[in-house]
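The next block holds one structure in the form of structure tokens; read it before the comments.
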Amino acid sequence: MLTRHGYALLVGGVAAVVIGRMFAVVELFVIGAACFAAAVLGVVYVRVRRPRVDAARWVHPSVIVAGDTGRVDLHLQHRGRLRSAPFVLCESVQRTMSDPRIARLPVASMSRGTQSSTGYPLPSAVRGIILLGPLEVELSDPLGIARSSRIVAGVDEVVVAPRAHLLDIPRLGQGVLGNALLEKARRLGPGEFHGLREYADGDEPRSIHWKASARTDSLMVKEHTVEGLHRCTVMFDARPGSYTSTEGFERGVTAAASIVHSASRAGLTTRFVTAGGVDLRGPEVSTTTLRVLARIEPTTAPPASLDHETGDGLGLVVVVTGGPDAAAWRRAQSIVDPTLTALLVSTEAAAHGIPHLGVTARSDRDFVGSWQRLAGRGRLDLVDA
């Protein structure tokens with residue numbers, strides 16, 4: 001209850017009384033009594049004028065992206081019978097266990113039943129988890145002799161997700177990856193019947209529609225739709241041995257977040273797989289993946305299996321790892337499924353060291369540019385930092 005200054009005042013009062021007693025100095029007794037009285041009055045002040053408030057905390061947005069600034073809003077309602085003295089809200093903002101910070105927000109005097117609000121910005125330079133709270137109401141007497149505090153809100157967890165770039169999803173026949181998908185679609189055979197057109201040199205004789213040709217002056221052939229890309233699975237290799245630096249691991253986190261976000265937004269059936277048996281699917285896969293990647297750290301735990309990848313249409317398996325020698329990439333290449341195409345995203349290897357269907361991610365700009373070129377799209381919205 002007493003502050004450091006309050007205890008110093010008491011010590012001074014005791015010293016004044018002892019010295020006054022020893023040397024029979026009445027003035028020192030008066031000084032000592034004044035010190036004791038000031039300490040008592042300070043304690044009474046903070047007890048009587050202590051604000052009795054209820055508090056609620058809102059963090060927006062609920063998921064902050066690394067590099068952006070969120071905001072914490074605190075809403076207060078005073079329920080005491082007496083008007084409160086001006087007080088201070090104190091809240092711990094802890095990004096790491098070794099780096100707690102305190103946000104101190106002064107609040108003016110509040111009458112009974114009144115409401116007030118205040119807040120502070122919440123910058124987030126890197127991904128991770130920020131712990132907010134507990135939120136305390138702190139009141140000191142005018143002389144700083146006594147202090148009271150009371151917890152009015154608990155601890156909240158704020159997710160700082162990795163930045164996710166919006167990428168173009170490859171289309172059949174566009175770019176290196178689109179051509180590879182088109183070739184695979186043709187090998188799988190025709191899709192649904194689409195319509196009829198006139199025969200052209202090079203068409204397969206078995207595609208001729210003889211009944212329709214008999215009703216016209218030319219040969220008519222059947223056209224079928226080509227099966228497009230329907231599925232995308234992203235596997236993030238979290239093993240520390242797959243990366244030569246922390247920066248490479250972090251670039252992999254950004255790449256994985258970007259691909260999952262872009263595939264889900266494009267309407268593909270999206271799946272995210274990483275260490276510890278994490279296997280995410282469903283309509284909320286993008287948001288859930290960002291929350292997982294906000295916390296992820298290098299680990300030796302094995303990833304979930306890719307052997308149970310099923311679904312309709314063509315599928316893309318994207319492996320995000322350090323380089324082409326990683327075990328995760330070799331495991332993806334061993335999948336025997338004619339509908340799947342494996343794609344490597346390497347955060348350590350240069351462009352000449354990755355396979356034909358590969359993307360280099362030695363920087364964010366390299367990653368976005370390499371992906372866009374592979375997808376046959378020339379757009380590049382990322383600028384140098």
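Labeling convention for the structure tokens: chains A, B, ... as they appear, residues from 1 per chain, ligands from 1 in order of appearance.
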
Contacts between range 167-189 of chain A and range 219-283 of chain A, please, where a residue of range 219-283 of chain A counts if it comes within 9 Å (with only C-alpha atoms); show its shortest atom pair and distance in Å to one decimal, rows by chain and ascending number, as JSON lines.
```
{"residue": "A:Val226", "atom": "CA", "partner": "A:Ala185", "partner_atom": "CA", "distance": 6.4}
{"residue": "A:Glu227", "atom": "CA", "partner": "A:Ala185", "partner_atom": "CA", "distance": 5.8}
{"residue": "A:Gly228", "atom": "CA", "partner": "A:Leu172", "partner_atom": "CA", "distance": 6.5}
{"residue": "A:Leu229", "atom": "CA", "partner": "A:Arg171", "partner_atom": "CA", "distance": 7.4}
{"residue": "A:Ser258", "atom": "CA", "partner": "A:Leu167", "partner_atom": "CA", "distance": 7.0}
{"residue": "A:Ile259", "atom": "CA", "partner": "A:Leu167", "partner_atom": "CA", "distance": 7.0}
{"residue": "A:His261", "atom": "CA", "partner": "A:Leu167", "partner_atom": "CA", "distance": 8.6}
{"residue": "A:Ser262", "atom": "CA", "partner": "A:Leu167", "partner_atom": "CA", "distance": 5.6}
{"residue": "A:Ala263", "atom": "CA", "partner": "A:Ile169", "partner_atom": "CA", "distance": 6.6}
{"residue": "A:Ala266", "atom": "CA", "partner": "A:Ile169", "partner_atom": "CA", "distance": 7.1}
```

#### Entry: Filtered DSSP result for range 222-251 of chain A, state helix (DSSP H, G or I), as a PyMOL selection string
chain A and resi 240-242+246-251

Mind writing the picked residues with C-alpha atoms as a CSV table (one decimal), in the first residue's frame?
```csv
chain,number,residue,atom,x,y,z
A,240,PRO,CA,15.6,-26.8,-38.3
A,241,GLY,CA,18.0,-28.9,-40.3
A,242,SER,CA,16.2,-27.9,-43.5
A,246,THR,CA,16.6,-18.1,-39.1
A,247,GLU,CA,15.9,-15.7,-41.9
A,248,GLY,CA,15.3,-18.6,-44.3
A,249,PHE,CA,12.8,-20.2,-41.8
A,250,GLU,CA,10.9,-16.9,-41.5
A,251,ARG,CA,10.8,-16.5,-45.3
```

### Query
Using the chain letters and numbers from this document, which residues of range 106-197 of chain A does DSSP assign to strand (DSSP E or B), as a PyMOL selection string?
chain A and resi 106-107+115-123+128-140+146-153+156-161+193-197

Cut-off 6 Å: closest range 51-163 of chain A/range 28-46 of chain A atom pairs per residue, using only C-alpha atoms, as a tab-separated table:
```
residue	atom	partner	partner_atom	distance
A:Asp141	CA	A:Gly42	CA	5.6
A:Ile145	CA	A:Gly42	CA	5.8
A:Ala146	CA	A:Gly42	CA	5.3
```

#### Entry: Nearest to Ser334 in chain A by atom-to-atom distance, counting only C-alpha atoms, from A:Val53, A:Leu105, A:Val317, A:Arg127
A:Val317

### Non-local contacts of Arg49 in chain A (9 Å; only C-alpha atoms; under 5 positions in same chain excluded) as a list in words
Val44, Leu82, Arg83, Ser84, Ala85 and Leu139 of chain A

### Selected residue of minimal separation from Thr289 in chain A among A:Thr270, A:Thr244, A:Ser109, A:Gln115, counting only C-alpha atoms
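Among the listed residues, the smallest separation from Thr289 in chain A belongs to A:Thr270.
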
### Task
State, in Å with one decimal place, the distance from CA of Gly376 in chain A to CA of Ala66 in chain A.
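Separating CA of Gly376 in chain A from CA of Ala66 in chain A is a distance of 28.7 Å.
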
### Message
Can you measure CA of Ile129 in chain A to CA of Trp329 in chain A for me? One decimal in Å is fine.
### Response
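Computing the Euclidean distance for CA of Ile129 in chain A and CA of Trp329 in chain A yields 29.5 Å.
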
### Task
Kindly indicate which residue among A:Ala332, A:Val159, A:Val319, A:Val48 lies nearest to Ser62 in chain A, using only C-alpha atoms for the distances.
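Smallest separation from Ser62 in chain A among the options: A:Val159.
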
#### Entry: Using only C-alpha atoms: which of A:Ser92, A:Ser140, A:Thr3, A:Ser116 has the shortest distance to Ala56 in chain A
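The closest residue to Ala56 in chain A is A:Ser116.
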
### Query
Which of these residues is nearest to Trp58 in chain A, using only C-alpha atoms: A:Glu138, A:Asp237, A:Glu91, A:Asp156?
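Between A:Glu138, A:Asp237, A:Glu91, A:Asp156, the residue approaching Trp58 in chain A most closely is A:Asp156.
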